[in-house]
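Below is one structure, written out as structure tokens; comments come after it.
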Amino acid sequence: MANESTKAAGAGDPPKSGELPTIAYKPSPGYWQRTLRDFARNRLAVVSVVMVFLVATIGVFCPLIASQRPLAIKMVFSDDYEEAYFVALDLAERIAGDRSTDLALDRRLLDRVFLRMRPHLASAHHERFDELRNALSVGAGIRSGTASLSLQEAIAAFADEMDLPAVQLIPVTRFPAVRALSQNEVMFISFYIFTILLFVFRGRVPGGGWCWIGALALCTAVATTVWTTVFPVIQDATPYRRVINSDNFRQSPDWWVITAPIPFGENENITAESRQPPTWLLPDDQRVEGQNWHWLGTDTNGRDVLSRMVYGARISMLIGLVAVSIYVTIGTILGALAGYYAGWMDLLLSRIIEIVICLPVLFLILSVQAFLRPNILNIMILLGLVWWTGPARLARGEFLRIGNMEYVAAVRAIGGSDLRIIFMHVLPNAIGPILVSISFGMAGSILVESTLSFLGFGVPPPTASWGDLLNNGRGDIQTLWWLTFFPGLAIFLTLTCFNLIGDGLRDALDPRRKNG
């Protein structure tokens, strides 16, 4: 009967006499849920977030997006087998002739060379190859059937039977672009992937705050260590472009190749194609047969502009992220101390803030860069040390406003320490304006880096950056217009996106716009 009355009341019928109406309880959204909802209503800000996410993704995965090495390739690597064959033969002769300065080291190297050779051989050669490998690695003779071979005879047998004309090679699958990833690149990719996973499954991950940060750092460190241990970096100098275009590659059985979306490296010089405009703008009669396709043209050294812009996105986002992290941390801590304690500390820190604000940031960075070697780390640290005043003033104002509220006095009355009050109770409620400054700070850091690189004081060459591309094209801006137009457009769009995100956050955090 109760269920029927509840259903009837829920359907819009008036409740019967003597029965209370059923009221469905709907919890009101919290502060950050309302802020996110208000931010999502700003379509330009949401589109800007997507654009920034794409730029960050391109910057993180740039070694796999733009590379002269294929992502995967299957072919007969006869040159690699032949090189390993001669190295193994030389090491075996050194061990047999007592010419080795470190016998244990040479034997370990010989085992690695054998492991490198075996995948290239057809299965018919595996048994004999393993016999010779064991003999040469251990340094003793072997018994083949009824005949006994000495170590010298084993070396001679290896030289005759494992030579390139005497064996049959099979296609081998390799992942050159992946195996060329450095430890830092693996760390960035791991951190990015785990950050996205943590955001997607945040509702299922226990804990929060510092627990999530610790788990993110631990997972990144473990993944980087395991990857670099199992798959050490390989210095691969194989000219894959020449190999893929050769007739031997096409005649290889079961060959296939997966190239990177942009098949050009960051500093791959193709001098025959230097100063080439975007290929899609060239008429058919000006396109040379066999010439590579460059979507955004090439620079004066024959380097692909689009490839360098992809790598430049990593530099811009990295400088912005690290510099903002430094100066937001410094500014938030100093501003919190000034606003919470007030008095003489507020007076002292406020005077320091006013002095630092008066410093000309660009000229200060140029002066320091003139005495120090141009380095990306110097730029990030300098930006972090001179731009902390903005977050400090915002944090000071918020702490002065929130520090006098009743709940802060209640926490202080029950014995809460100053550090607990500052970081656990006041800072979470004062973080809104600081988040807005982060967005604008990312845009400012990217702009300063581009300016410094344009003036020649930024990221040292040959590292690609958007400002360096502008610098390369300013001498021939009339003829090589693509060197300035496309990097300038990338800088303009990125800065616009960050500014729109900042505007959207500012509007969403404005209490006057909160409408329940």
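Chains: A, B, ... in order of the structure tokens. Residues: from 1 per chain. Ligands: from 1, in order shown.
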Contact residues around Val49 in chain A with only C-alpha atoms at 9 Å, ignoring same-chain residues under 2 positions, as a PyMOL selection string: chain A and resi 44-47+51-54+497-498+500-501
I need the alpha helix (DSSP H) residues of range 38-200 of chain A per DSSP on the backbone, written as a short mmCIF file (atom, residue, chain, number, x, y, z; two decimals) with N, CA and C atoms, in the first residue's frame.
```cif
data_model
loop_
_atom_site.label_atom_id
_atom_site.label_comp_id
_atom_site.auth_asym_id
_atom_site.auth_seq_id
_atom_site.Cartn_x
_atom_site.Cartn_y
_atom_site.Cartn_z
N ASP A 38 29.52 25.68 -14.75
CA ASP A 38 29.52 27.02 -15.33
C ASP A 38 30.62 27.17 -16.39
N PHE A 39 31.77 26.53 -16.15
CA PHE A 39 32.85 26.60 -17.13
C PHE A 39 32.47 25.88 -18.42
N ALA A 40 31.75 24.76 -18.29
CA ALA A 40 31.35 23.99 -19.48
C ALA A 40 30.36 24.74 -20.34
N ARG A 43 31.49 27.84 -24.38
CA ARG A 43 31.92 26.96 -25.47
C ARG A 43 33.32 27.30 -25.94
N LEU A 44 33.66 28.57 -26.00
CA LEU A 44 35.01 28.94 -26.43
C LEU A 44 36.06 28.39 -25.48
N ALA A 45 35.78 28.45 -24.18
CA ALA A 45 36.73 27.92 -23.21
C ALA A 45 36.88 26.41 -23.34
N VAL A 46 35.77 25.72 -23.58
CA VAL A 46 35.83 24.26 -23.73
C VAL A 46 36.62 23.89 -24.98
N VAL A 47 36.37 24.59 -26.09
CA VAL A 47 37.13 24.34 -27.31
C VAL A 47 38.61 24.63 -27.08
N SER A 48 38.91 25.66 -26.31
CA SER A 48 40.31 26.00 -26.02
C SER A 48 40.98 24.91 -25.20
N VAL A 49 40.25 24.31 -24.27
CA VAL A 49 40.80 23.20 -23.48
C VAL A 49 41.13 22.03 -24.40
N VAL A 50 40.25 21.74 -25.34
CA VAL A 50 40.51 20.65 -26.29
C VAL A 50 41.75 20.95 -27.13
N MET A 51 41.87 22.19 -27.59
CA MET A 51 43.02 22.58 -28.40
C MET A 51 44.33 22.46 -27.60
N VAL A 52 44.31 22.93 -26.37
CA VAL A 52 45.51 22.83 -25.53
C VAL A 52 45.84 21.38 -25.25
N PHE A 53 44.82 20.56 -25.05
CA PHE A 53 45.05 19.13 -24.83
C PHE A 53 45.71 18.50 -26.06
N LEU A 54 45.28 18.88 -27.25
CA LEU A 54 45.89 18.35 -28.47
C LEU A 54 47.34 18.80 -28.60
N VAL A 55 47.61 20.07 -28.30
CA VAL A 55 48.98 20.57 -28.38
C VAL A 55 49.87 19.84 -27.38
N ALA A 56 49.36 19.63 -26.16
CA ALA A 56 50.14 18.91 -25.16
C ALA A 56 50.39 17.46 -25.59
N THR A 57 49.37 16.82 -26.17
CA THR A 57 49.54 15.45 -26.65
C THR A 57 50.58 15.38 -27.75
N ILE A 58 50.54 16.33 -28.67
CA ILE A 58 51.53 16.37 -29.75
C ILE A 58 52.92 16.57 -29.17
N GLY A 59 53.05 17.45 -28.18
CA GLY A 59 54.36 17.69 -27.58
C GLY A 59 54.91 16.48 -26.86
N VAL A 60 54.05 15.71 -26.20
CA VAL A 60 54.52 14.54 -25.46
C VAL A 60 54.93 13.41 -26.41
N CYS A 62 55.74 13.65 -29.61
CA CYS A 62 56.40 14.14 -30.82
C CYS A 62 57.46 13.17 -31.36
N PRO A 63 58.22 12.40 -30.53
CA PRO A 63 59.18 11.47 -31.13
C PRO A 63 58.52 10.36 -31.95
N LEU A 64 57.24 10.08 -31.70
CA LEU A 64 56.52 9.06 -32.45
C LEU A 64 55.66 9.66 -33.55
N ILE A 65 55.37 10.95 -33.47
CA ILE A 65 54.57 11.62 -34.49
C ILE A 65 55.44 12.08 -35.65
N SER A 78 70.22 -7.50 -43.83
CA SER A 78 71.48 -8.18 -44.13
C SER A 78 72.68 -7.38 -43.64
N ASP A 79 72.61 -6.06 -43.69
CA ASP A 79 73.74 -5.24 -43.22
C ASP A 79 73.96 -5.41 -41.73
N ASP A 80 72.88 -5.46 -40.96
CA ASP A 80 73.03 -5.65 -39.52
C ASP A 80 73.61 -7.02 -39.20
N TYR A 81 73.16 -8.03 -39.92
CA TYR A 81 73.70 -9.37 -39.68
C TYR A 81 75.18 -9.43 -40.03
N GLU A 82 75.55 -8.84 -41.15
CA GLU A 82 76.96 -8.87 -41.56
C GLU A 82 77.84 -8.12 -40.58
N GLU A 83 77.36 -6.98 -40.08
CA GLU A 83 78.15 -6.23 -39.09
C GLU A 83 78.33 -7.05 -37.81
N ALA A 84 77.23 -7.67 -37.33
CA ALA A 84 77.33 -8.49 -36.13
C ALA A 84 78.24 -9.70 -36.36
N TYR A 85 78.22 -10.25 -37.56
CA TYR A 85 79.06 -11.41 -37.88
C TYR A 85 80.55 -11.05 -37.73
N PHE A 86 80.97 -9.93 -38.28
CA PHE A 86 82.39 -9.55 -38.19
C PHE A 86 82.78 -9.18 -36.76
N VAL A 87 81.87 -8.55 -36.01
CA VAL A 87 82.17 -8.23 -34.61
C VAL A 87 82.33 -9.51 -33.80
N ALA A 88 81.44 -10.49 -34.00
CA ALA A 88 81.55 -11.76 -33.28
C ALA A 88 82.83 -12.49 -33.63
N LEU A 89 83.20 -12.47 -34.89
CA LEU A 89 84.42 -13.15 -35.31
C LEU A 89 85.65 -12.48 -34.69
N ASP A 90 85.65 -11.17 -34.63
CA ASP A 90 86.79 -10.45 -34.04
C ASP A 90 86.90 -10.73 -32.54
N LEU A 91 85.76 -10.71 -31.83
CA LEU A 91 85.80 -11.01 -30.39
C LEU A 91 86.25 -12.44 -30.13
N ALA A 92 85.78 -13.39 -30.94
CA ALA A 92 86.18 -14.79 -30.74
C ALA A 92 87.67 -14.97 -30.96
N GLU A 93 88.22 -14.32 -31.97
CA GLU A 93 89.67 -14.43 -32.22
C GLU A 93 90.48 -13.77 -31.11
N ARG A 94 89.96 -12.66 -30.54
CA ARG A 94 90.67 -12.02 -29.42
C ARG A 94 90.67 -12.91 -28.20
N ILE A 95 89.54 -13.60 -27.94
CA ILE A 95 89.47 -14.50 -26.78
C ILE A 95 90.38 -15.71 -27.00
N ALA A 96 90.35 -16.27 -28.20
CA ALA A 96 91.16 -17.46 -28.47
C ALA A 96 92.65 -17.15 -28.48
N LEU A 103 88.63 -10.49 -20.25
CA LEU A 103 88.05 -11.70 -20.84
C LEU A 103 86.55 -11.81 -20.54
N ALA A 104 86.16 -11.53 -19.30
CA ALA A 104 84.75 -11.65 -18.93
C ALA A 104 83.89 -10.65 -19.71
N LEU A 105 84.40 -9.43 -19.88
CA LEU A 105 83.65 -8.43 -20.62
C LEU A 105 83.50 -8.82 -22.09
N ASP A 106 84.58 -9.31 -22.70
CA ASP A 106 84.50 -9.72 -24.10
C ASP A 106 83.53 -10.88 -24.30
N ARG A 107 83.47 -11.79 -23.36
CA ARG A 107 82.53 -12.91 -23.49
C ARG A 107 81.08 -12.43 -23.36
N ARG A 108 80.84 -11.45 -22.46
CA ARG A 108 79.48 -10.90 -22.37
C ARG A 108 79.10 -10.18 -23.65
N LEU A 109 80.05 -9.42 -24.21
CA LEU A 109 79.78 -8.75 -25.48
C LEU A 109 79.52 -9.75 -26.60
N LEU A 110 80.27 -10.84 -26.59
CA LEU A 110 80.07 -11.87 -27.61
C LEU A 110 78.69 -12.50 -27.50
N ASP A 111 78.22 -12.72 -26.27
CA ASP A 111 76.87 -13.27 -26.09
C ASP A 111 75.82 -12.30 -26.63
N ARG A 112 76.00 -10.99 -26.40
CA ARG A 112 75.05 -10.01 -26.91
C ARG A 112 75.03 -9.98 -28.44
N VAL A 113 76.21 -10.11 -29.04
CA VAL A 113 76.28 -10.11 -30.50
C VAL A 113 75.59 -11.35 -31.06
N PHE A 114 75.77 -12.51 -30.40
CA PHE A 114 75.09 -13.72 -30.84
C PHE A 114 73.58 -13.57 -30.75
N LEU A 115 73.10 -12.97 -29.66
CA LEU A 115 71.66 -12.73 -29.52
C LEU A 115 71.14 -11.80 -30.61
N ARG A 116 72.01 -10.92 -31.06
CA ARG A 116 71.62 -10.00 -32.15
C ARG A 116 71.58 -10.71 -33.50
N MET A 117 72.42 -11.75 -33.69
CA MET A 117 72.50 -12.44 -34.97
C MET A 117 71.41 -13.48 -35.14
N HIS A 126 69.63 -22.77 -36.97
CA HIS A 126 69.64 -22.51 -35.53
C HIS A 126 70.44 -23.53 -34.76
N GLU A 127 70.29 -24.81 -35.08
CA GLU A 127 70.99 -25.84 -34.31
C GLU A 127 72.50 -25.69 -34.45
N ARG A 128 72.98 -25.52 -35.66
CA ARG A 128 74.43 -25.37 -35.86
C ARG A 128 74.92 -24.06 -35.26
N PHE A 129 74.13 -23.02 -35.37
CA PHE A 129 74.53 -21.73 -34.80
C PHE A 129 74.66 -21.82 -33.29
N ASP A 130 73.74 -22.55 -32.64
CA ASP A 130 73.81 -22.68 -31.18
C ASP A 130 75.03 -23.48 -30.76
N GLU A 131 75.40 -24.50 -31.54
CA GLU A 131 76.61 -25.27 -31.22
C GLU A 131 77.85 -24.38 -31.28
N LEU A 132 77.98 -23.65 -32.35
CA LEU A 132 79.14 -22.77 -32.48
C LEU A 132 79.12 -21.64 -31.44
N ARG A 133 77.95 -21.16 -31.15
CA ARG A 133 77.82 -20.08 -30.15
C ARG A 133 78.27 -20.57 -28.77
N ASN A 134 77.84 -21.76 -28.37
CA ASN A 134 78.26 -22.29 -27.07
C ASN A 134 79.76 -22.50 -27.01
N ALA A 135 80.34 -23.00 -28.11
CA ALA A 135 81.77 -23.24 -28.12
C ALA A 135 82.57 -21.94 -28.00
N LEU A 136 82.17 -20.93 -28.74
CA LEU A 136 82.91 -19.68 -28.73
C LEU A 136 82.67 -18.87 -27.47
N SER A 137 81.49 -18.97 -26.89
CA SER A 137 81.19 -18.22 -25.68
C SER A 137 81.92 -18.79 -24.48
N VAL A 138 81.92 -20.13 -24.37
CA VAL A 138 82.58 -20.77 -23.24
C VAL A 138 84.09 -20.77 -23.40
N LEU A 151 89.04 -25.08 -30.42
CA LEU A 151 88.49 -23.72 -30.43
C LEU A 151 88.82 -23.02 -31.74
N GLN A 152 90.04 -23.19 -32.25
CA GLN A 152 90.41 -22.57 -33.51
C GLN A 152 89.59 -23.14 -34.66
N GLU A 153 89.36 -24.45 -34.61
CA GLU A 153 88.54 -25.05 -35.65
C GLU A 153 87.09 -24.58 -35.56
N ALA A 154 86.60 -24.33 -34.32
CA ALA A 154 85.24 -23.81 -34.16
C ALA A 154 85.13 -22.40 -34.74
N ILE A 155 86.18 -21.59 -34.54
CA ILE A 155 86.18 -20.24 -35.12
C ILE A 155 86.18 -20.33 -36.64
N ALA A 156 86.98 -21.23 -37.18
CA ALA A 156 87.02 -21.38 -38.63
C ALA A 156 85.68 -21.88 -39.17
N ALA A 157 85.05 -22.80 -38.42
CA ALA A 157 83.74 -23.29 -38.85
C ALA A 157 82.70 -22.18 -38.80
N PHE A 158 82.77 -21.34 -37.77
CA PHE A 158 81.84 -20.21 -37.67
C PHE A 158 82.07 -19.23 -38.82
N ALA A 159 83.32 -18.98 -39.16
CA ALA A 159 83.62 -18.04 -40.24
C ALA A 159 83.11 -18.56 -41.58
N ASP A 160 83.17 -19.87 -41.80
CA ASP A 160 82.73 -20.43 -43.08
C ASP A 160 81.21 -20.63 -43.15
N GLU A 161 80.65 -21.17 -42.09
CA GLU A 161 79.24 -21.58 -42.14
C GLU A 161 78.27 -20.46 -41.84
N PRO A 176 61.92 0.85 -34.78
CA PRO A 176 63.05 1.78 -34.62
C PRO A 176 62.69 3.06 -33.86
N ALA A 177 61.54 3.66 -34.15
CA ALA A 177 61.19 4.92 -33.47
C ALA A 177 60.94 4.70 -31.99
N VAL A 178 60.34 3.58 -31.63
CA VAL A 178 60.07 3.29 -30.22
C VAL A 178 61.36 2.99 -29.47
N ARG A 179 62.26 2.21 -30.09
CA ARG A 179 63.50 1.84 -29.43
C ARG A 179 64.48 2.99 -29.33
N GLN A 183 65.35 8.23 -22.10
CA GLN A 183 64.74 8.03 -20.79
C GLN A 183 63.79 9.17 -20.44
N ASN A 184 64.16 10.39 -20.78
CA ASN A 184 63.27 11.53 -20.50
C ASN A 184 61.98 11.44 -21.30
N GLU A 185 62.09 11.03 -22.56
CA GLU A 185 60.88 10.90 -23.38
C GLU A 185 59.96 9.80 -22.85
N VAL A 186 60.53 8.69 -22.40
CA VAL A 186 59.72 7.63 -21.80
C VAL A 186 59.06 8.13 -20.52
N MET A 187 59.77 8.94 -19.75
CA MET A 187 59.21 9.47 -18.51
C MET A 187 58.03 10.40 -18.80
N PHE A 188 58.17 11.29 -19.80
CA PHE A 188 57.09 12.20 -20.15
C PHE A 188 55.86 11.42 -20.63
N ILE A 189 56.07 10.43 -21.48
CA ILE A 189 54.95 9.65 -22.01
C ILE A 189 54.26 8.88 -20.88
N SER A 190 55.04 8.27 -19.98
CA SER A 190 54.45 7.53 -18.86
C SER A 190 53.65 8.46 -17.96
N PHE A 191 54.23 9.61 -17.63
CA PHE A 191 53.54 10.57 -16.76
C PHE A 191 52.23 11.03 -17.40
N TYR A 192 52.26 11.28 -18.70
CA TYR A 192 51.07 11.75 -19.40
C TYR A 192 49.98 10.68 -19.40
N ILE A 193 50.36 9.45 -19.69
CA ILE A 193 49.38 8.36 -19.74
C ILE A 193 48.77 8.11 -18.37
N PHE A 194 49.60 8.06 -17.33
CA PHE A 194 49.07 7.80 -15.99
C PHE A 194 48.22 8.97 -15.49
N THR A 195 48.54 10.19 -15.91
CA THR A 195 47.71 11.33 -15.52
C THR A 195 46.32 11.21 -16.13
N ILE A 196 46.25 10.83 -17.40
CA ILE A 196 44.95 10.66 -18.04
C ILE A 196 44.17 9.52 -17.39
N LEU A 197 44.84 8.41 -17.09
CA LEU A 197 44.16 7.28 -16.44
C LEU A 197 43.64 7.68 -15.06
N LEU A 198 44.43 8.45 -14.32
CA LEU A 198 43.99 8.89 -13.01
C LEU A 198 42.78 9.81 -13.11
N PHE A 199 42.75 10.65 -14.13
CA PHE A 199 41.62 11.56 -14.31
C PHE A 199 40.37 10.78 -14.73
N VAL A 200 40.55 9.78 -15.60
CA VAL A 200 39.39 9.02 -16.07
C VAL A 200 38.80 8.16 -14.96
#
```
Residue nearest Cys358 in chain A among A:Thr329, A:Thr229, A:Thr389, A:Thr494 (counting only C-alpha atoms): A:Thr389
Quick one: residues within 9 Å of range 287-292 of chain A, only C-alpha atoms, excluding same-chain residues fewer than 3 positions away - as a compact mmCIF listing (two decimals) with N, CA and C atoms, in the first residue's frame?
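To be explicit, this is the file written out as out_13.txt:
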```txt
# COMPACT_ATOMS: atom_id res chain seq x y z
N ALA A 272 68.86 18.90 -50.70
CA ALA A 272 68.31 19.02 -52.04
C ALA A 272 66.90 19.62 -52.03
N GLU A 273 66.24 19.63 -50.87
CA GLU A 273 64.88 20.14 -50.77
C GLU A 273 64.80 21.38 -49.89
N THR A 279 54.30 21.85 -50.24
CA THR A 279 54.16 21.09 -51.49
C THR A 279 52.77 21.22 -52.08
N LEU A 282 52.39 24.04 -54.55
CA LEU A 282 53.14 24.03 -55.81
C LEU A 282 52.27 23.51 -56.95
N PRO A 283 52.32 24.13 -58.11
CA PRO A 283 51.62 23.56 -59.28
C PRO A 283 52.29 22.25 -59.70
N ASP A 284 51.57 21.48 -60.49
CA ASP A 284 52.06 20.16 -60.88
C ASP A 284 53.37 20.23 -61.66
```
Residue nearest Trp387 in chain A among A:Leu447, A:Val324, A:Ile365, A:Ala336 (counting only C-alpha atoms):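 The closest residue to Trp387 in chain A is A:Val324.
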Tell me, as an mmCIF file with C-alpha atoms, in the first residue's frame, which residues lie within 7 Å of range 467-480 of chain A, counting only C-alpha atoms; anything in the same chain fewer than 6 positions away does not count.
```
data_model
loop_
_atom_site.group_PDB
_atom_site.id
_atom_site.type_symbol
_atom_site.label_atom_id
_atom_site.label_comp_id
_atom_site.auth_asym_id
_atom_site.auth_seq_id
_atom_site.Cartn_x
_atom_site.Cartn_y
_atom_site.Cartn_z
ATOM 1 C CA SER A 450 59.271 32.566 -28.275
ATOM 2 C CA THR A 451 60.560 36.117 -27.886
ATOM 3 C CA SER A 453 64.328 32.349 -29.207
ATOM 4 C CA PHE A 454 63.427 34.929 -31.838
ATOM 5 C CA PRO A 487 54.963 29.185 -36.375
#
```
Coordinates-based distance that separates CA of Leu281 in chain A from CA of His294 in chain A (Å, one decimal):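 Value for the CA of His294 in chain A-CA of Leu281 in chain A distance: 10.2 Å.
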